[in-house]
$ cat my_file-v7.txt   # compact mmCIF, C-alpha atoms
# COMPACT_ATOMS: atom_id res chain seq x y z
CA MET A 1 34.11 -54.51 31.97
CA ILE A 2 30.52 -54.15 30.73
CA ASP A 3 30.22 -52.13 27.52
CA LEU A 4 27.85 -49.12 27.43
CA MET A 5 26.11 -49.96 24.14
CA GLU A 6 25.75 -53.62 25.14
CA THR A 7 24.12 -52.47 28.38
CA VAL A 8 21.77 -50.16 26.50
CA LYS A 9 20.73 -53.01 24.19
CA PHE A 10 20.30 -55.49 27.04
CA GLN A 11 18.11 -53.09 29.04
CA ALA A 12 16.07 -52.25 25.93
CA GLU A 13 15.43 -55.98 25.34
CA TYR A 14 14.22 -56.30 28.94
CA ALA A 15 11.79 -53.43 28.40
CA TYR A 16 10.48 -54.86 25.12
CA CYS A 17 9.96 -58.23 26.81
CA ILE A 18 7.59 -56.65 29.32
CA ASP A 19 5.94 -54.21 26.91
CA SER A 20 5.26 -57.05 24.44
CA ASP A 21 3.66 -59.13 27.20
CA GLU A 22 6.28 -61.88 26.81
CA LEU A 23 6.45 -62.19 30.58
CA GLU A 24 7.36 -65.88 30.52
CA SER A 25 10.80 -64.76 29.23
CA TRP A 26 11.25 -62.19 31.99
CA PRO A 27 13.15 -64.52 34.42
CA ASP A 28 15.68 -65.31 31.64
CA PHE A 29 17.10 -61.80 31.98
CA PHE A 30 18.39 -62.77 35.43
CA THR A 31 21.06 -65.18 36.63
CA ALA A 32 19.65 -68.38 38.16
CA ASP A 33 19.84 -66.88 41.66
CA GLY A 34 19.27 -63.30 40.53
CA LEU A 35 17.48 -60.81 42.74
CA TYR A 36 14.56 -58.58 41.73
CA ARG A 37 13.22 -56.00 44.11
CA ILE A 38 10.97 -52.92 43.93
CA THR A 39 11.41 -50.13 46.44
CA ASN A 40 11.26 -46.34 46.49
CA ALA A 41 13.82 -43.58 46.76
CA LEU A 42 12.80 -42.59 50.29
CA ASN A 43 13.20 -46.15 51.61
CA GLU A 44 16.57 -46.49 49.89
CA LYS A 45 17.76 -43.19 51.37
CA ARG A 46 16.70 -44.27 54.86
CA GLY A 47 18.63 -47.53 54.40
CA MET A 48 15.52 -49.66 54.60
CA PRO A 49 16.58 -52.38 52.19
CA ILE A 50 13.48 -54.57 52.35
CA GLY A 51 11.56 -53.78 49.19
CA ILE A 52 7.89 -53.69 48.43
CA VAL A 53 8.05 -56.55 45.95
CA HIS A 54 10.75 -59.17 46.07
CA ALA A 55 11.81 -62.18 44.02
CA ALA A 56 14.98 -64.16 44.67
CA GLY A 57 15.98 -66.58 41.94
CA GLN A 58 14.37 -67.62 38.67
CA PRO A 59 11.95 -70.18 40.21
CA MET A 60 10.32 -67.49 42.38
CA MET A 61 10.14 -65.25 39.32
CA ARG A 62 8.45 -67.96 37.27
CA ASP A 63 5.92 -68.54 40.08
CA ARG A 64 5.16 -64.87 40.06
CA ILE A 65 4.41 -64.87 36.34
CA THR A 66 2.23 -67.99 36.67
CA SER A 67 0.18 -66.35 39.43
CA LEU A 68 -0.09 -63.20 37.38
CA ARG A 69 -1.46 -65.08 34.38
CA LYS A 70 -4.07 -66.79 36.56
CA ALA A 71 -5.13 -63.76 38.59
CA ASN A 72 -5.20 -60.84 36.24
CA VAL A 73 -7.54 -62.06 33.55
CA PHE A 74 -10.06 -59.29 34.09
CA GLU A 75 -7.74 -56.42 34.76
CA ALA A 76 -5.25 -56.73 31.97
CA HIS A 77 -3.00 -53.77 31.47
CA ARG A 78 0.16 -53.14 29.51
CA TYR A 79 3.24 -51.05 30.02
CA ARG A 80 5.40 -48.93 27.77
CA HIS A 81 8.93 -48.23 29.04
CA LEU A 82 11.30 -45.43 28.11
CA LEU A 83 14.86 -45.51 29.41
CA SER A 84 17.67 -43.04 29.99
CA LEU A 85 21.26 -43.71 29.11
CA PRO A 86 22.74 -45.91 31.87
CA ARG A 87 25.45 -44.61 34.17
CA LEU A 88 28.11 -47.31 34.52
CA LEU A 89 29.59 -47.30 38.02
CA GLY A 90 32.11 -50.13 37.65
CA ASN A 91 31.98 -53.80 38.74
CA GLY A 92 28.89 -54.31 36.61
CA ARG A 93 26.91 -51.70 38.51
CA ALA A 94 24.62 -49.48 36.46
CA VAL A 95 22.00 -46.84 37.25
CA THR A 96 19.36 -46.18 34.60
CA GLY A 97 16.43 -43.76 34.68
CA PHE A 98 13.04 -44.98 33.50
CA MET A 99 9.53 -43.80 32.79
CA VAL A 100 6.68 -46.30 32.55
CA VAL A 101 3.30 -45.59 31.01
CA ARG A 102 0.39 -47.91 31.79
CA ILE A 103 -2.29 -48.70 29.22
CA MET A 104 -5.43 -50.15 30.79
CA HIS A 105 -7.71 -52.63 29.06
CA ASP A 106 -10.20 -49.87 28.24
CA GLY A 107 -7.47 -47.84 26.53
CA THR A 108 -6.88 -45.34 29.33
CA THR A 109 -3.25 -44.29 29.34
CA ASP A 110 -1.41 -42.74 32.26
CA LEU A 111 2.09 -42.06 33.49
CA PHE A 112 2.44 -44.96 35.90
CA ALA A 113 5.90 -44.62 37.40
CA THR A 114 9.32 -43.04 37.13
CA GLY A 115 12.52 -43.98 38.87
CA GLU A 116 15.86 -45.68 38.49
CA TYR A 117 17.02 -49.21 37.94
CA HIS A 118 19.96 -50.01 40.20
CA ASP A 119 21.52 -53.01 38.50
CA VAL A 120 24.34 -55.43 38.93
CA ILE A 121 25.03 -56.95 35.52
CA THR A 122 27.20 -59.98 34.91
CA GLU A 123 28.28 -61.92 31.86
CA ASP A 124 27.06 -65.48 31.84
CA ALA A 125 28.19 -67.70 28.91
CA GLY A 126 28.61 -64.66 26.68
CA GLU A 127 25.24 -63.14 27.57
CA LEU A 128 24.44 -60.26 29.90
CA LYS A 129 22.25 -61.09 32.91
CA PHE A 130 21.04 -59.20 35.95
CA SER A 131 22.40 -60.69 39.14
CA GLU A 132 20.47 -57.88 40.79
CA ARG A 133 17.87 -55.42 39.55
CA VAL A 134 16.45 -53.03 42.14
CA VAL A 135 13.63 -50.81 40.87
CA VAL A 136 13.80 -47.55 42.84
CA MET A 137 10.56 -45.63 42.34
CA ASP A 138 10.68 -41.85 42.58
CA SER A 139 7.29 -41.74 44.28
CA GLU A 140 6.00 -43.55 47.37
CA ARG A 141 2.51 -43.62 45.92
CA VAL A 142 2.95 -46.12 43.12
CA ASP A 143 0.50 -48.99 43.23
CA THR A 144 3.09 -51.77 43.25
CA LEU A 145 0.64 -54.47 44.13
CA LEU A 146 0.03 -54.62 40.44
CA ALA A 147 1.82 -57.71 39.42
CA ILE A 148 3.51 -57.04 36.09
CA PRO A 149 7.25 -56.61 36.64
CA ILE A 150 8.67 -53.18 35.87
CA MET B 1 34.27 -31.58 16.62
CA ILE B 2 32.06 -32.83 19.44
CA ASP B 3 31.35 -36.55 19.31
CA LEU B 4 27.72 -37.77 19.35
CA MET B 5 28.13 -40.44 22.03
CA GLU B 6 30.20 -38.10 24.22
CA THR B 7 27.40 -35.53 23.92
CA VAL B 8 24.78 -38.12 24.84
CA LYS B 9 26.79 -39.14 27.93
CA PHE B 10 27.43 -35.55 28.98
CA GLN B 11 23.76 -34.61 28.70
CA ALA B 12 22.74 -37.76 30.57
CA GLU B 13 25.12 -36.85 33.42
CA TYR B 14 23.53 -33.38 33.60
CA ALA B 15 20.07 -34.95 33.88
CA TYR B 16 21.18 -37.42 36.59
CA CYS B 17 22.73 -34.55 38.54
CA ILE B 18 19.36 -32.81 38.75
CA ASP B 19 17.26 -35.97 39.19
CA SER B 20 19.54 -37.12 42.04
CA ASP B 21 19.17 -33.75 43.77
CA GLU B 22 22.92 -33.09 43.51
CA LEU B 23 22.16 -29.49 42.58
CA GLU B 24 25.39 -28.13 44.08
CA SER B 25 27.19 -29.80 41.14
CA TRP B 26 24.88 -28.25 38.55
CA PRO B 27 27.06 -25.14 37.85
CA ASP B 28 30.05 -27.43 37.13
CA PHE B 29 28.40 -28.50 33.87
CA PHE B 30 28.93 -24.96 32.57
CA THR B 31 32.01 -22.96 31.65
CA ALA B 32 32.93 -20.28 34.22
CA ASP B 33 30.98 -17.66 32.27
CA GLY B 34 28.41 -20.08 30.88
CA LEU B 35 24.87 -18.97 30.17
CA TYR B 36 21.70 -20.72 31.33
CA ARG B 37 18.34 -19.52 30.21
CA ILE B 38 14.75 -20.84 30.16
CA THR B 39 12.35 -19.61 27.53
CA ASN B 40 9.56 -21.03 25.37
CA ALA B 41 9.18 -21.89 21.70
CA LEU B 42 6.81 -18.99 20.99
CA ASN B 43 9.22 -16.40 22.45
CA GLU B 44 12.13 -17.90 20.52
CA LYS B 45 10.15 -17.83 17.28
CA ARG B 46 9.23 -14.18 17.83
CA GLY B 47 12.90 -13.38 18.40
CA MET B 48 12.34 -12.34 21.98
CA PRO B 49 15.65 -13.55 23.41
CA ILE B 50 15.13 -12.53 27.04
CA GLY B 51 14.24 -15.68 28.84
CA ILE B 52 12.01 -16.35 31.80
CA VAL B 53 14.84 -17.52 34.04
CA HIS B 54 18.40 -16.45 33.48
CA ALA B 55 21.80 -17.17 34.99
CA ALA B 56 25.06 -15.86 33.56
CA GLY B 57 28.20 -17.46 34.96
CA GLN B 58 28.83 -20.04 37.67
CA PRO B 59 28.62 -17.57 40.62
CA MET B 60 25.05 -16.61 39.69
CA MET B 61 24.22 -20.29 39.30
CA ARG B 62 25.62 -21.12 42.74
CA ASP B 63 23.59 -18.27 44.26
CA ARG B 64 20.51 -19.70 42.68
CA ILE B 65 21.09 -23.12 44.22
CA THR B 66 21.79 -21.58 47.64
CA SER B 67 18.52 -19.65 47.51
CA LEU B 68 16.72 -22.74 46.39
CA ARG B 69 18.02 -24.75 49.33
CA LYS B 70 16.90 -22.06 51.78
CA ALA B 71 13.52 -21.36 50.26
CA ASN B 72 12.09 -24.66 49.18
CA VAL B 73 12.27 -26.65 52.39
CA PHE B 74 8.55 -27.19 52.59
CA GLU B 75 7.78 -27.70 48.94
CA ALA B 76 10.37 -30.21 47.91
CA HIS B 77 9.86 -31.83 44.57
CA ARG B 78 12.02 -33.91 42.29
CA TYR B 79 12.40 -34.28 38.55
CA ARG B 80 12.94 -37.19 36.23
CA HIS B 81 14.37 -36.35 32.81
CA LEU B 82 14.21 -38.34 29.59
CA LEU B 83 16.19 -37.14 26.58
CA SER B 84 16.09 -37.62 22.83
CA LEU B 85 19.16 -38.22 20.72
CA PRO B 86 20.88 -34.84 20.18
CA ARG B 87 21.06 -33.25 16.74
CA LEU B 88 24.58 -31.94 16.23
CA LEU B 89 24.53 -28.74 14.17
CA GLY B 90 28.29 -28.02 14.04
CA ASN B 91 30.47 -25.60 16.02
CA GLY B 92 29.43 -27.31 19.24
CA ARG B 93 25.75 -26.54 18.71
CA ALA B 94 23.30 -29.27 19.67
CA VAL B 95 19.52 -29.52 19.89
CA THR B 96 18.09 -32.17 22.21
CA GLY B 97 14.47 -32.99 22.98
CA PHE B 98 13.47 -33.55 26.59
CA MET B 99 10.57 -34.62 28.74
CA VAL B 100 10.54 -33.84 32.46
CA VAL B 101 8.29 -35.48 35.03
CA ARG B 102 7.83 -33.82 38.42
CA ILE B 103 7.38 -35.85 41.59
CA MET B 104 5.91 -33.81 44.44
CA HIS B 105 6.69 -34.42 48.09
CA ASP B 106 3.36 -36.21 48.57
CA GLY B 107 4.20 -38.60 45.73
CA THR B 108 2.00 -37.00 43.06
CA THR B 109 3.62 -37.46 39.67
CA ASP B 110 2.89 -35.37 36.60
CA LEU B 111 4.32 -34.56 33.21
CA PHE B 112 5.89 -31.21 34.02
CA ALA B 113 7.46 -30.01 30.80
CA THR B 114 8.66 -30.91 27.33
CA GLY B 115 10.88 -28.99 24.98
CA GLU B 116 14.37 -28.72 23.55
CA TYR B 117 17.76 -27.88 24.91
CA HIS B 118 19.57 -25.52 22.55
CA ASP B 119 23.19 -25.95 23.60
CA VAL B 120 26.62 -24.67 22.76
CA ILE B 121 29.11 -27.23 24.04
CA THR B 122 32.84 -26.64 24.34
CA GLU B 123 35.77 -28.73 25.47
CA ASP B 124 37.49 -27.35 28.54
CA ALA B 125 40.62 -29.19 29.76
CA GLY B 126 39.39 -32.45 28.22
CA GLU B 127 35.87 -32.17 29.64
CA LEU B 128 32.67 -31.13 27.92
CA LYS B 129 30.98 -27.99 29.29
CA PHE B 130 27.98 -25.91 28.30
CA SER B 131 29.02 -22.41 27.30
CA GLU B 132 25.30 -21.95 26.68
CA ARG B 133 22.23 -24.00 27.52
CA VAL B 134 18.89 -22.53 26.51
CA VAL B 135 15.86 -24.52 27.67
CA VAL B 136 13.11 -23.97 25.10
CA MET B 137 9.80 -25.12 26.57
CA ASP B 138 7.13 -26.36 24.16
CA SER B 139 4.37 -24.79 26.23
CA GLU B 140 3.93 -21.24 27.48
CA ARG B 141 2.13 -22.48 30.54
CA VAL B 142 4.97 -24.12 32.44
CA ASP B 143 5.38 -22.88 35.99
CA THR B 144 9.01 -21.81 35.68
CA LEU B 145 9.06 -19.92 38.93
CA LEU B 146 9.85 -23.26 40.46
CA ALA B 147 13.50 -23.01 41.18
CA ILE B 148 15.07 -26.37 40.33
CA PRO B 149 17.02 -26.09 37.08
CA ILE B 150 15.74 -28.13 34.16
CA MET C 1 22.60 -54.58 6.82
CA ILE C 2 21.21 -51.48 8.53
CA ASP C 3 23.43 -50.15 11.33
CA LEU C 4 21.94 -49.60 14.79
CA MET C 5 23.32 -46.10 15.38
CA GLU C 6 22.38 -45.02 11.84
CA THR C 7 18.85 -46.24 12.53
CA VAL C 8 18.72 -44.35 15.83
CA LYS C 9 19.84 -41.14 14.11
CA PHE C 10 17.42 -41.57 11.20
CA GLN C 11 14.46 -42.14 13.51
CA ALA C 12 15.49 -39.18 15.69
CA GLU C 13 15.57 -36.94 12.58
CA TYR C 14 12.05 -38.10 11.70
CA ALA C 15 10.84 -37.18 15.19
CA TYR C 16 12.53 -33.75 15.11
CA CYS C 17 10.94 -33.07 11.70
CA ILE C 18 7.48 -33.50 13.19
CA ASP C 19 8.22 -31.87 16.54
CA SER C 20 9.69 -28.82 14.76
CA ASP C 21 6.56 -28.53 12.59
CA GLU C 22 8.59 -29.06 9.40
CA LEU C 23 5.83 -31.30 8.10
CA GLU C 24 6.51 -30.49 4.43
CA SER C 25 9.70 -32.58 4.82
CA TRP C 26 7.86 -35.54 6.33
CA PRO C 27 7.28 -37.41 3.02
CA ASP C 28 11.03 -37.24 2.29
CA PHE C 29 11.65 -39.80 5.02
CA PHE C 30 9.88 -42.38 2.85
CA THR C 31 10.73 -44.04 -0.45
CA ALA C 32 8.69 -42.72 -3.41
CA ASP C 33 6.13 -45.51 -2.97
CA GLY C 34 6.58 -45.81 0.79
CA LEU C 35 3.71 -46.85 3.02
CA TYR C 36 2.55 -45.06 6.19
CA ARG C 37 -0.16 -46.52 8.34
CA ILE C 38 -1.51 -46.02 11.86
CA THR C 39 -3.18 -48.89 13.65
CA ASN C 40 -3.37 -50.29 17.16
CA ALA C 41 -1.95 -53.32 18.93
CA LEU C 42 -5.33 -55.08 19.19
CA ASN C 43 -6.01 -54.76 15.45
CA GLU C 44 -2.53 -56.00 14.62
CA LYS C 45 -2.94 -58.99 16.93
CA ARG C 46 -6.27 -59.89 15.33
CA GLY C 47 -4.61 -59.70 11.92
CA MET C 48 -6.77 -56.81 10.79
CA PRO C 49 -4.21 -55.07 8.62
CA ILE C 50 -6.32 -52.12 7.46
CA GLY C 51 -5.13 -49.21 9.55
CA ILE C 52 -6.93 -46.18 10.87
CA VAL C 53 -4.89 -43.72 8.83
CA HIS C 54 -3.21 -44.70 5.61
CA ALA C 55 -0.93 -43.07 3.05
CA ALA C 56 0.66 -44.94 0.14
CA GLY C 57 3.43 -43.06 -1.65
CA GLN C 58 4.87 -39.58 -1.29
CA PRO C 59 2.16 -37.81 -3.37
CA MET C 60 -0.58 -38.98 -0.97
CA MET C 61 1.62 -37.92 1.95
CA ARG C 62 2.10 -34.44 0.46
CA ASP C 63 -1.66 -34.11 -0.07
CA ARG C 64 -2.19 -34.99 3.53
CA ILE C 65 0.15 -32.25 4.72
CA THR C 66 -1.46 -29.71 2.38
CA SER C 67 -4.92 -30.54 3.77
CA LEU C 68 -3.57 -30.34 7.27
CA ARG C 69 -2.15 -26.87 6.71
CA LYS C 70 -5.49 -25.66 5.33
CA ALA C 71 -7.75 -27.29 7.88
CA ASN C 72 -6.03 -26.99 11.20
CA VAL C 73 -5.42 -23.26 11.42
CA PHE C 74 -7.48 -22.80 14.55
CA GLU C 75 -6.57 -25.94 16.39
CA ALA C 76 -2.82 -25.96 16.12
CA HIS C 77 -1.06 -28.42 18.33
CA ARG C 78 2.47 -29.73 18.51
CA TYR C 79 4.05 -33.03 19.42
CA ARG C 80 7.13 -34.05 21.34
CA HIS C 81 8.44 -37.56 20.64
CA LEU C 82 10.65 -39.76 22.77
CA LEU C 83 11.96 -43.02 21.35
CA SER C 84 13.32 -46.29 22.67
CA LEU C 85 16.32 -48.04 21.24
CA PRO C 86 15.21 -49.87 18.07
CA ARG C 87 15.19 -53.65 17.88
CA LEU C 88 16.69 -54.69 14.55
CA LEU C 89 14.97 -57.81 13.22
CA GLY C 90 16.94 -58.28 9.98
CA ASN C 91 16.08 -57.42 6.36
CA GLY C 92 15.68 -53.78 7.32
CA ARG C 93 12.92 -54.50 9.81
CA ALA C 94 12.98 -52.53 13.05
CA VAL C 95 10.65 -52.17 16.03
CA THR C 96 10.93 -49.00 18.09
CA GLY C 97 8.95 -47.93 21.13
CA PHE C 98 7.67 -44.36 21.29
CA MET C 99 5.92 -41.91 23.58
CA VAL C 100 4.28 -38.79 22.15
CA VAL C 101 3.25 -35.77 24.19
CA ARG C 102 0.81 -33.29 22.67
CA ILE C 103 1.05 -29.57 23.40
CA MET C 104 -2.17 -27.71 22.56
CA HIS C 105 -2.30 -24.11 21.38
CA ASP C 106 -3.33 -22.92 24.87
CA GLY C 107 -0.27 -24.64 26.37
CA THR C 108 -2.05 -27.68 27.78
CA THR C 109 0.30 -30.66 27.71
CA ASP C 110 -0.77 -34.29 27.83
CA LEU C 111 0.55 -37.75 27.14
CA PHE C 112 -1.03 -38.32 23.75
CA ALA C 113 0.07 -41.76 22.67
CA THR C 114 2.47 -44.64 23.20
CA GLY C 115 3.24 -47.57 20.97
CA GLU C 116 5.71 -49.05 18.54
CA TYR C 117 6.92 -48.17 15.10
CA HIS C 118 7.11 -51.28 12.92
CA ASP C 119 9.45 -50.19 10.14
CA VAL C 120 10.99 -51.50 7.00
CA ILE C 121 14.05 -49.37 6.28
CA THR C 122 15.95 -49.38 2.99
CA GLU C 123 19.00 -47.58 1.71
CA ASP C 124 18.26 -45.30 -1.22
CA ALA C 125 21.23 -43.51 -2.83
CA GLY C 126 23.18 -43.66 0.43
CA GLU C 127 20.30 -42.39 2.58
CA LEU C 128 17.98 -44.33 4.86
CA LYS C 129 14.29 -44.26 3.93
CA PHE C 130 11.17 -45.94 5.24
CA SER C 131 9.64 -48.22 2.65
CA GLU C 132 7.10 -48.93 5.36
CA ARG C 133 6.32 -47.32 8.71
CA VAL C 134 3.41 -48.78 10.65
CA VAL C 135 2.51 -46.90 13.84
CA VAL C 136 1.09 -49.44 16.28
CA MET C 137 -0.65 -47.59 19.10
CA ASP C 138 -0.81 -49.30 22.49
CA SER C 139 -4.31 -47.96 23.14
CA GLU C 140 -7.46 -48.17 21.04
CA ARG C 141 -8.63 -44.84 22.35
CA VAL C 142 -6.17 -42.51 20.67
CA ASP C 143 -7.82 -39.73 18.69
CA THR C 144 -6.12 -40.47 15.37
CA LEU C 145 -8.37 -38.21 13.36
CA LEU C 146 -5.94 -35.52 14.33
CA ALA C 147 -3.94 -35.02 11.23
CA ILE C 148 -0.31 -34.50 12.24
CA PRO C 149 1.69 -37.63 11.42
CA ILE C 150 3.14 -39.50 14.39

$ encode --input "my_file-v7.txt" --output "structure tokens"
Amino acid sequence: MIDLMETVKFQAEYAYCIDSDELESWPDFFTADGLYRITNALNEKRGMPIGIVHAAGQPMMRDRITSLRKANVFEAHRYRHLLSLPRLLGNGRAVTGFMVVRIMHDGTTDLFATGEYHDVITEDAGELKFSERVVVMDSERVDTLLAIPI
Amino acid sequence: MIDLMETVKFQAEYAYCIDSDELESWPDFFTADGLYRITNALNEKRGMPIGIVHAAGQPMMRDRITSLRKANVFEAHRYRHLLSLPRLLGNGRAVTGFMVVRIMHDGTTDLFATGEYHDVITEDAGELKFSERVVVMDSERVDTLLAIPI
Amino acid sequence: MIDLMETVKFQAEYAYCIDSDELESWPDFFTADGLYRITNALNEKRGMPIGIVHAAGQPMMRDRITSLRKANVFEAHRYRHLLSLPRLLGNGRAVTGFMVVRIMHDGTTDLFATGEYHDVITEDAGELKFSERVVVMDSERVDTLLAIPI
């Protein structure tokens, strides 16, 4: 049984990891074979499970961060996450609303994305980990080619 | 005495109900004769209690959702709520900041409204219910003719 | 040892104080010689500690509010804050993400600023107080000449 406040803290740590640009630690929030996927609400509703961005397992996640560090030198941007209280659905499943603001290198700030995290959370040696984190965007128009994880 | 964490959970469930488009369940968050009203901070300050949108009792709320389902077929939009920690003022009164993002059918996302919920919360057969929820918008310029509850 | 939920409540009260335009109470959230400073993430990273806006001690804070009340009659605006869960770093240190929306007198609403509060919180006669609150903006382009505290 995953505790509500522990879940809130775990998800907040995940958000701070990204917002502080500590992306090399991002894969550590997942189990070794954890799944990370970005999709949108319409696709989910239609039962089209193949997401827009996909990473299966920590090695693929680490590769993604390495590529990101190499590629994005000239287009650096940062995120700021705000989260809702998670809904715990049992068996480690949680749904959590989010809002992400993007801050571009030149200081421009805009509301980048909103949606829900659909998580499966497990306990691994006393620590919470995502065995699955599906990012379900509210909009179909989010530019998800941008490589920073959400 | 209403508990802080129970209030947070109850208000989060209300927000998920709307954001998940489960509007038929929206009246269930109120007592049978509960009051729902939208107004703005300026009107409240001037002591003009008649709100912009008004629903008194669950039957009027259900009517509103039925009309909404019939009317808004071609202009569907969704909301995403984020809430502040409620301030408990005693006697079931709570004030809670909110931010609502609107996602239009074409994917356009904008910051739709901010403000405060001014609630009176009661316990009804072991469940929390709003006997009153007044939505106090920060701005006078919000397009509140749009029919989805906030 | 500062408690997480007590910190969350204290920071929420601070935000409501500003959002409710009860600015005369703003200095009371600090110790008598408390420090308030606004800077941005780039400056902090470069180790340039001199902030954009600075107030040392409650008297300077009260002066600032007095000036604000005199000067800003014709350009009134309001804020709405949303906060992340704080990260407690020990010794009263806390980091807390924020998003601030600005509502102008004519009702225009925009995402004004995002960033982190870097706080040092102490207990003073049974009440939490900021002995230091550094507002670290994510963007360098925020118009911090505007005088309402964040």

$ atom_distance --input "my_file-v7.txt" --atom1 "CA of Leu4 (chain C)" --atom2 "CA of Ile150 (chain B)"
29.6 Å

$ atom_distance --input "my_file-v7.txt" --atom1 "CA of Glu127 (chain A)" --atom2 "CA of Tyr14 (chain A)"
13.0 Å

$ residues_around --input "my_file-v7.txt" --residues "Met60 (chain B)" --least-positions-apart "2" --cutoff "12 Å" --atoms "all atoms listed in the file" --output "PDB file with C-alpha atoms, in the frame of the given file"
ATOM      1  CA  TRP B  26      24.880 -28.250  38.550  1.00  0.00           C
ATOM      2  CA  PRO B  27      27.060 -25.140  37.850  1.00  0.00           C
ATOM      3  CA  PHE B  30      28.930 -24.960  32.570  1.00  0.00           C
ATOM      4  CA  ALA B  32      32.930 -20.280  34.220  1.00  0.00           C
ATOM      5  CA  ASP B  33      30.980 -17.660  32.270  1.00  0.00           C
ATOM      6  CA  GLY B  34      28.410 -20.080  30.880  1.00  0.00           C
ATOM      7  CA  LEU B  35      24.870 -18.970  30.170  1.00  0.00           C
ATOM      8  CA  TYR B  36      21.700 -20.720  31.330  1.00  0.00           C
ATOM      9  CA  ARG B  37      18.340 -19.520  30.210  1.00  0.00           C
ATOM     10  CA  VAL B  53      14.840 -17.520  34.040  1.00  0.00           C
ATOM     11  CA  HIS B  54      18.400 -16.450  33.480  1.00  0.00           C
ATOM     12  CA  ALA B  55      21.800 -17.170  34.990  1.00  0.00           C
ATOM     13  CA  ALA B  56      25.060 -15.860  33.560  1.00  0.00           C
ATOM     14  CA  GLY B  57      28.200 -17.460  34.960  1.00  0.00           C
ATOM     15  CA  GLN B  58      28.830 -20.040  37.670  1.00  0.00           C
ATOM     16  CA  ARG B  62      25.620 -21.120  42.740  1.00  0.00           C
ATOM     17  CA  ASP B  63      23.590 -18.270  44.260  1.00  0.00           C
ATOM     18  CA  ARG B  64      20.510 -19.700  42.680  1.00  0.00           C
ATOM     19  CA  ILE B  65      21.090 -23.120  44.220  1.00  0.00           C
ATOM     20  CA  THR B  66      21.790 -21.580  47.640  1.00  0.00           C
ATOM     21  CA  SER B  67      18.520 -19.650  47.510  1.00  0.00           C
TER      22      SER B  67
END

$ closest_residue --input "my_file-v7.txt" --among "C:Ala113, C:Ile121, C:Leu82, C:Val101" --to "Ser139 (chain B)" --atoms "all atoms listed in the file"
C:Val101

$ atom_distance --input "my_file-v7.txt" --atom1 "CA of Arg78 (chain A)" --atom2 "CA of Glu140 (chain C)"
12.4 Å

$ closest_residue --input "my_file-v7.txt" --among "A:Asp106, A:Glu22, A:Asp119, A:Glu44" --to "chain C" --atoms "all atoms listed in the file"
A:Asp106

$ interface_residues --input "my_file-v7.txt" --of "chain B" --to "chain A" --cutoff "12 Å" --atoms "all atoms listed in the file" --output "MDAnalysis selection string"
chainID B and resid 5:17 19:21 77:85 98:112

$ closest_residue --input "my_file-v7.txt" --among "A:Ile148, A:Glu24, A:Gly92, A:Ala71" --to "Leu128 (chain A)" --atoms "all atoms listed in the file"
A:Gly92

$ axis_aligned_box --input "my_file-v7.txt" --around "region 117-134 of chain C" --padding-each-side "6 Å" --output "lines of an AutoDock Vina configuration file"
center_x = 13.3
center_y = -46.9
center_z = 6.1
size_x = 31.8
size_y = 21.1
size_z = 29.9
